[in-house]
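A.B. asks: I'd like to ask you about the structure that follows.
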Protein chains: 2
Amino acid sequence: MSSSTEPRRVTIHDVARSAGVSRQTVSRALNDKAEIDGSTKQRVLDAARALGYRPSRFARGLVRPDTTTIGLVVPDLLNPFFTEVASGALEAARARGRHVVVYDTTDDPAQELATLEVIGSQVDAVVGYFTRPEDDLDRGTAGIPVVLIGREPRTPRFSGIAIDGEEGVREAVAHLVSRGHRRIGMLDGQPEATVRRQWFLRAAAECGVRVHPGWVTAGAQTVDGGGSALATLLAAHPDVTAVFAFNDVMAIGALREARRFGLRVPADLAVIGFDGLALGTLVDPELSSVAIDTRALGALAVEQVERLVTGATPLPPGELVVRAALHLRESA
Amino acid sequence: MSSSTEPRRVTIHDVARSAGVSRQTVSRALNDKAEIDGSTKQRVLDAARALGYRPSRFARGLVRPDTTTIGLVVPDLLNPFFTEVASGALEAARARGRHVVVYDTTDDPAQELATLEVIGSQVDAVVGYFTRPEDDLDRGTAGIPVVLIGREPRTPRFSGIAIDGEEGVREAVAHLVSRGHRRIGMLDGQPEATVRRQWFLRAAAECGVRVHPGWVTAGAQTVDGGGSALATLLAAHPDVTAVFAFNDVMAIGALREARRFGLRVPADLAVIGFDGLALGTLVDPELSSVAIDTRALGALAVEQVERLVTGATPLPPGELVVRAALHLRESA
DNA sequence: ACGCGGTCCGTGAACGTTCACGGGAACGCT
DNA sequence: AGCGTTCCCGTGAACGTTCACGGACCGCGT
């Protein structure tokens with residue numbers, strides 16, 4: 001059922017022979033270069049089409065190494081946060097004429113290494129959201145620029161885009177306090193990302209409200225995780241009147257769980273998320289959130305990796321940060 | 001501020017010289033081949049690391065053309081439908097060891113051609129959701145396999161994965177009728193995709209309910225589009241008790257609009273969408289939908305393009321279809 | 001001493017394209 | 001006629017890697 005002989009690739013030579021010219025002339029015709037007669041150009045083009053000729057990207061890339069392709073690694077493309085980041089990255093890459101190969105590690109840290117292993121020899125730079133320590137990442141990425149999303153690098157070999165939510169979280173807590181909330185809980189993400197919790201606790205302290213240790217519960221960074229985190233929180237401390245969630249996805253889970261509890265949002269329970277996803281405007285009530293510009297996050301990462309790969313002066317650490325701000329909607 | 005001299009690439013030759021061996025030995029060491037002494041292998045590896053050597057994917061691909069990369073083109077990655085399709089495609093591609101470069105045409109048909117132009121020389125096959133006629137697409141994709149998502153091809157040059165929602169829509173309408181609905185409208189998408197409308201009208205006819213022409217309105221295939229489509233529908237025909245939407249995104253917009261109208265779903269207005277997105281479980285009430293397996297859709301497209309590119313026998317038309325089925329939740 | 005198998009390593013060649021260079025033909029001018 | 005210019009086209013070389021082949025060396029047996 002399969003072909004009898006290996007269907008050898010049709011090369012520029014074949015086109016040249018078929019058109020009765022030399023390789024170079026074929027190359028000129030296909031690349032719209034000068035120094036070629038109109039009629040012969042047409043003849044070459046016809047021959048190429050007739051033979052189904054397609055230039056080898058490898059041979060071309062070998063002699064003229066201009067096309068840069070960057071690898072984008074996300075834990076889960078179905079998670080709207082990463083979708084938005086990826087979208088921003090794609091747009092920025094397209095604007096620079098770069099190609100982007102996307103890899104989804106399915107939330108599995110082991111996959112991060114496997115992906116880097118595969119990716120390593122196929123791209124010129126890597127942009128990604130990784131959970132593994134830098135030592136591990138160091139292995140796969142042999143000498144190519146790496147930009148870590150949402151994470152400040154420790155090694156000079158890596159670059160990173162940081163997310164600074166401190167001020168935004170402060171706004172959020174201050175807003176809750178101004179609305180009379182005194183017992184404010186937090187739904188942290190697992191594995192517990194201490195930094196956002198610290199922002200929250202610090203903001204609460206500055207606003208003069210105490211946070212009982214039991215008011216902070218943790219759950220998986222999913223819709224269901226947010227729901228169950230709220231459930232355990234309310235089970236132990238029903239008197240909590242507001243919660244700040246690790247991210248919008250968890251906050252939406254909390255919204256759903258509150259509905260099942262018969263709580264009205266924001267009347268009975270105020271909810272504020274983190275990330276500012278577009279998704280937050282689709283739920284009822286619309287989600288208030290400490291918002292970051294997710295697409296700018298992706299674009300910034302591409303901008304930096306572009307500089308690293310071209311040898312331009314990289315962005316200073318001060319510019320490698322995305323700041324969050326409170327977006328007030330209905331849920332708080 | 002820039003370096004004085006062009007930082008010529010470090011090649012396998014440099015490593016060989018540095019380690020005091022030949023290219024071939026370096027190649028052996030790096031590719032874990034046999035016929036090499038353990039100590040020299042280590043020496044080569046050290047030299048390679050010290051020089052920051054990275055094999056050229058172009059040179060490698062030239063001599064051993066095994067790595068296939070496929071291009072995935074979607075109109076808008078932020079649209080959850082395409083996110084899910086892309087996710088399925090990515091997973092299927094990874095399972096086959098293929099790389100995927102992703103392009104977002106920002107809902108602009110003109111971008112489709114521009115993208116194909118760019119993509120053409122960089123990938124070995126294309127999977128994508130295109131709106132342009134096949135003649136236009138024919139130009140950019142010079143001889144490489146193309147699989148159209150959600151669309152049946154007319155030319156033998158192209159392949160496609162069809163979405164068959166006829167039976168699912170019939171289930172949906174039958175369900176609405178069984179619940180006593182007699183005045184059922186539809187929110188069609190723009191540009192008006194007549195096929196889904198036909199499924200709807202045919203199903204209504206089979207169920208013995210008449211559909212007034214004015215009960216079908218159209219709107220942009222967005223959340224807002226769905227909302228305004230419902231608004232115009234209700235303004236003209238307030239007595240409609242149920243609507244079938246072109247897709248889930250529009251249905252969610254309808255849900256939101258209904259809330260603004262003070263209508264209770266499903267008590268005052270039943271809503272059924274199309275696609276069966278995961279997003280539908282996050283809204284309140286949860287969206288009933290004529291669901292298709294979006295990830296399977298993406299995976300199937302990759303499966304087919306894989307066969308085309310390897311020369312295996314392609315899937316028969318009967319297998320190149322994804323069927324829809326009604327997923328009942330709260331909104332109807 | 002000779003052959004022989006095994007282990008390790010190096011040398012051309014090839015992959016398919018573009019770049020730098022050179023050369024022929026046609027044309028116009030002095 | 002001679003010369004310079006312009007326009008077209010072809011020939012080596014190079015990009016960096018892997019494959020096929022061959023050769024050197026060592027140890028062992030006869």
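Quick note on naming: the chains in the structure tokens go A, B, ... in the order shown, residues restart at 1 in each chain, and ligands are numbered from 1 in order of appearance.
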Give me the residues within 10 Å of segment 25-27 of chain D as a PyMOL selection string, counting only C-alpha atoms (C1' of nucleotides) and dropping any in the same chain fewer than 5 places off.

C.D. replies: chain C and resi 5-8

A.B. asks: Contacts from chain D to chain A, 8 Å maximum, only C-alpha atoms (C1' of nucleotides): show me the residue list as a ChimeraX atom specification.

C.D. replies: /D:7-10,14-16

A.B. asks: Deliver the residues from the most recent selection as a file, using N, CA and C atoms (P, O5', C5', C4', C3', O3' and C1' of nucleotides), as a JSON list (two decimals), in the first residue's frame.

C.D. replies:
[["chain", "number", "residue", "atom", "x", "y", "z"],
["D", 7, "DC", "P", 20.35, 48.27, -15.88],
["D", 7, "DC", "O5'", 20.12, 46.82, -16.48],
["D", 7, "DC", "C5'", 19.88, 46.67, -17.87],
["D", 7, "DC", "C4'", 20.06, 45.21, -18.26],
["D", 7, "DC", "C3'", 19.44, 44.22, -17.30],
["D", 7, "DC", "O3'", 18.53, 43.40, -18.00],
["D", 7, "DC", "C1'", 21.66, 43.59, -17.86],
["D", 8, "DC", "P", 17.51, 42.54, -17.19],
["D", 8, "DC", "O5'", 18.36, 41.23, -17.21],
["D", 8, "DC", "C5'", 18.07, 40.18, -18.01],
["D", 8, "DC", "C4'", 19.29, 39.26, -18.12],
["D", 8, "DC", "C3'", 19.14, 38.04, -17.25],
["D", 8, "DC", "O3'", 18.67, 36.98, -18.08],
["D", 8, "DC", "C1'", 21.41, 38.87, -17.30],
["D", 9, "DC", "P", 18.06, 35.70, -17.41],
["D", 9, "DC", "O5'", 19.33, 34.85, -17.00],
["D", 9, "DC", "C5'", 20.20, 34.38, -18.04],
["D", 9, "DC", "C4'", 21.51, 33.96, -17.45],
["D", 9, "DC", "C3'", 21.46, 32.85, -16.41],
["D", 9, "DC", "O3'", 21.73, 31.61, -17.04],
["D", 9, "DC", "C1'", 23.12, 34.53, -15.92],
["D", 10, "DG", "P", 21.66, 30.22, -16.30],
["D", 10, "DG", "O5'", 23.17, 30.00, -15.83],
["D", 10, "DG", "C5'", 24.18, 29.89, -16.83],
["D", 10, "DG", "C4'", 25.56, 29.83, -16.19],
["D", 10, "DG", "C3'", 25.78, 28.66, -15.23],
["D", 10, "DG", "O3'", 27.01, 28.04, -15.56],
["D", 10, "DG", "C1'", 26.30, 30.71, -14.13],
["D", 14, "DA", "P", 35.37, 28.20, 1.07],
["D", 14, "DA", "O5'", 34.14, 28.40, 2.06],
["D", 14, "DA", "C5'", 33.51, 29.66, 2.17],
["D", 14, "DA", "C4'", 32.11, 29.49, 2.67],
["D", 14, "DA", "C3'", 31.97, 28.56, 3.88],
["D", 14, "DA", "O3'", 31.73, 29.34, 5.04],
["D", 14, "DA", "C1'", 30.24, 28.22, 2.25],
["D", 15, "DC", "P", 31.94, 28.63, 6.46],
["D", 15, "DC", "O5'", 30.45, 28.48, 7.00],
["D", 15, "DC", "C5'", 29.50, 29.52, 6.90],
["D", 15, "DC", "C4'", 28.12, 28.96, 7.06],
["D", 15, "DC", "C3'", 28.06, 27.82, 8.06],
["D", 15, "DC", "O3'", 27.70, 28.35, 9.33],
["D", 15, "DC", "C1'", 26.79, 27.34, 6.06],
["D", 16, "DG", "P", 28.69, 27.98, 10.58],
["D", 16, "DG", "O5'", 28.21, 26.51, 10.98],
["D", 16, "DG", "C5'", 26.89, 26.34, 11.44],
["D", 16, "DG", "C4'", 26.53, 24.87, 11.46],
["D", 16, "DG", "C3'", 27.45, 24.00, 12.31],
["D", 16, "DG", "O3'", 26.66, 23.23, 13.18],
["D", 16, "DG", "C1'", 27.16, 23.06, 10.17]]

A.B. asks: Quick one: everything within 10 Å of DG28 of chain C, counting only C-alpha atoms (C1' of nucleotides), minus sequence neighbours fewer than 2 positions away in the same chain. Send it as a PyMOL selection string.

C.D. replies: (chain C and resi 26+30) or (chain D and resi 4-5)

A.B. asks: Since we have the selection now, will you write its residues out, keeping C-alpha atoms (C1' of nucleotides), as a PDB file, in the first residue's frame?

C.D. replies:
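What follows is the written file selection-v5.pdb:
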ATOM      1  C1'  DA C  26      24.011  43.880 -26.001  1.00  0.00           C
ATOM      2  C1'  DT C  30      33.472  58.745 -28.453  1.00  0.00           C
TER       3       DT C  30
ATOM      4  C1'  DG D   4      32.550  51.492 -20.565  1.00  0.00           C
ATOM      5  C1'  DT D   5      27.887  50.281 -18.791  1.00  0.00           C
TER       6       DT D   5
END

A.B. asks: Quick one: residues within 10 Å of Glu171 of chain B, only C-alpha atoms (C1' of nucleotides) counted, chain neighbours fewer than 3 positions away excluded, as a list of chain:residue names?

C.D. replies: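 The neighbour list is B:Gly165, B:Glu166, B:Glu167, B:Gly168, B:Ala174, B:His175, B:Leu176, B:Val177, B:Ala203, B:Cys207, B:Val290, B:Ala324, B:Ala325, B:Leu326, B:His327.
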
A.B. asks: So that I can check the secondary structure, give me every residue of segment 31-274 of chain B assigned strand (DSSP E) by backbone DSSP, as a VMD selection string.

C.D. replies: chain B and resid 69 to 74 99 to 104 125 to 128 146 to 149 158 to 164 184 to 190 216 to 220 242 to 245 270 to 274

A.B. asks: Just asking: which residues within segment 152-288 of chain B are alpha helix (DSSP H) according to DSSP, as a count of residues only?

C.D. replies: 53

A.B. asks: Quick one: everything within 10 Å of Leu77 of chain A, counting only C-alpha atoms (C1' of nucleotides), minus sequence neighbours fewer than 3 positions away in the same chain. Send it as a PyMOL selection string.

C.D. replies: (chain A and resi 73-74+80-86+102-107) or (chain B and resi 77+83-84+86-88+90)
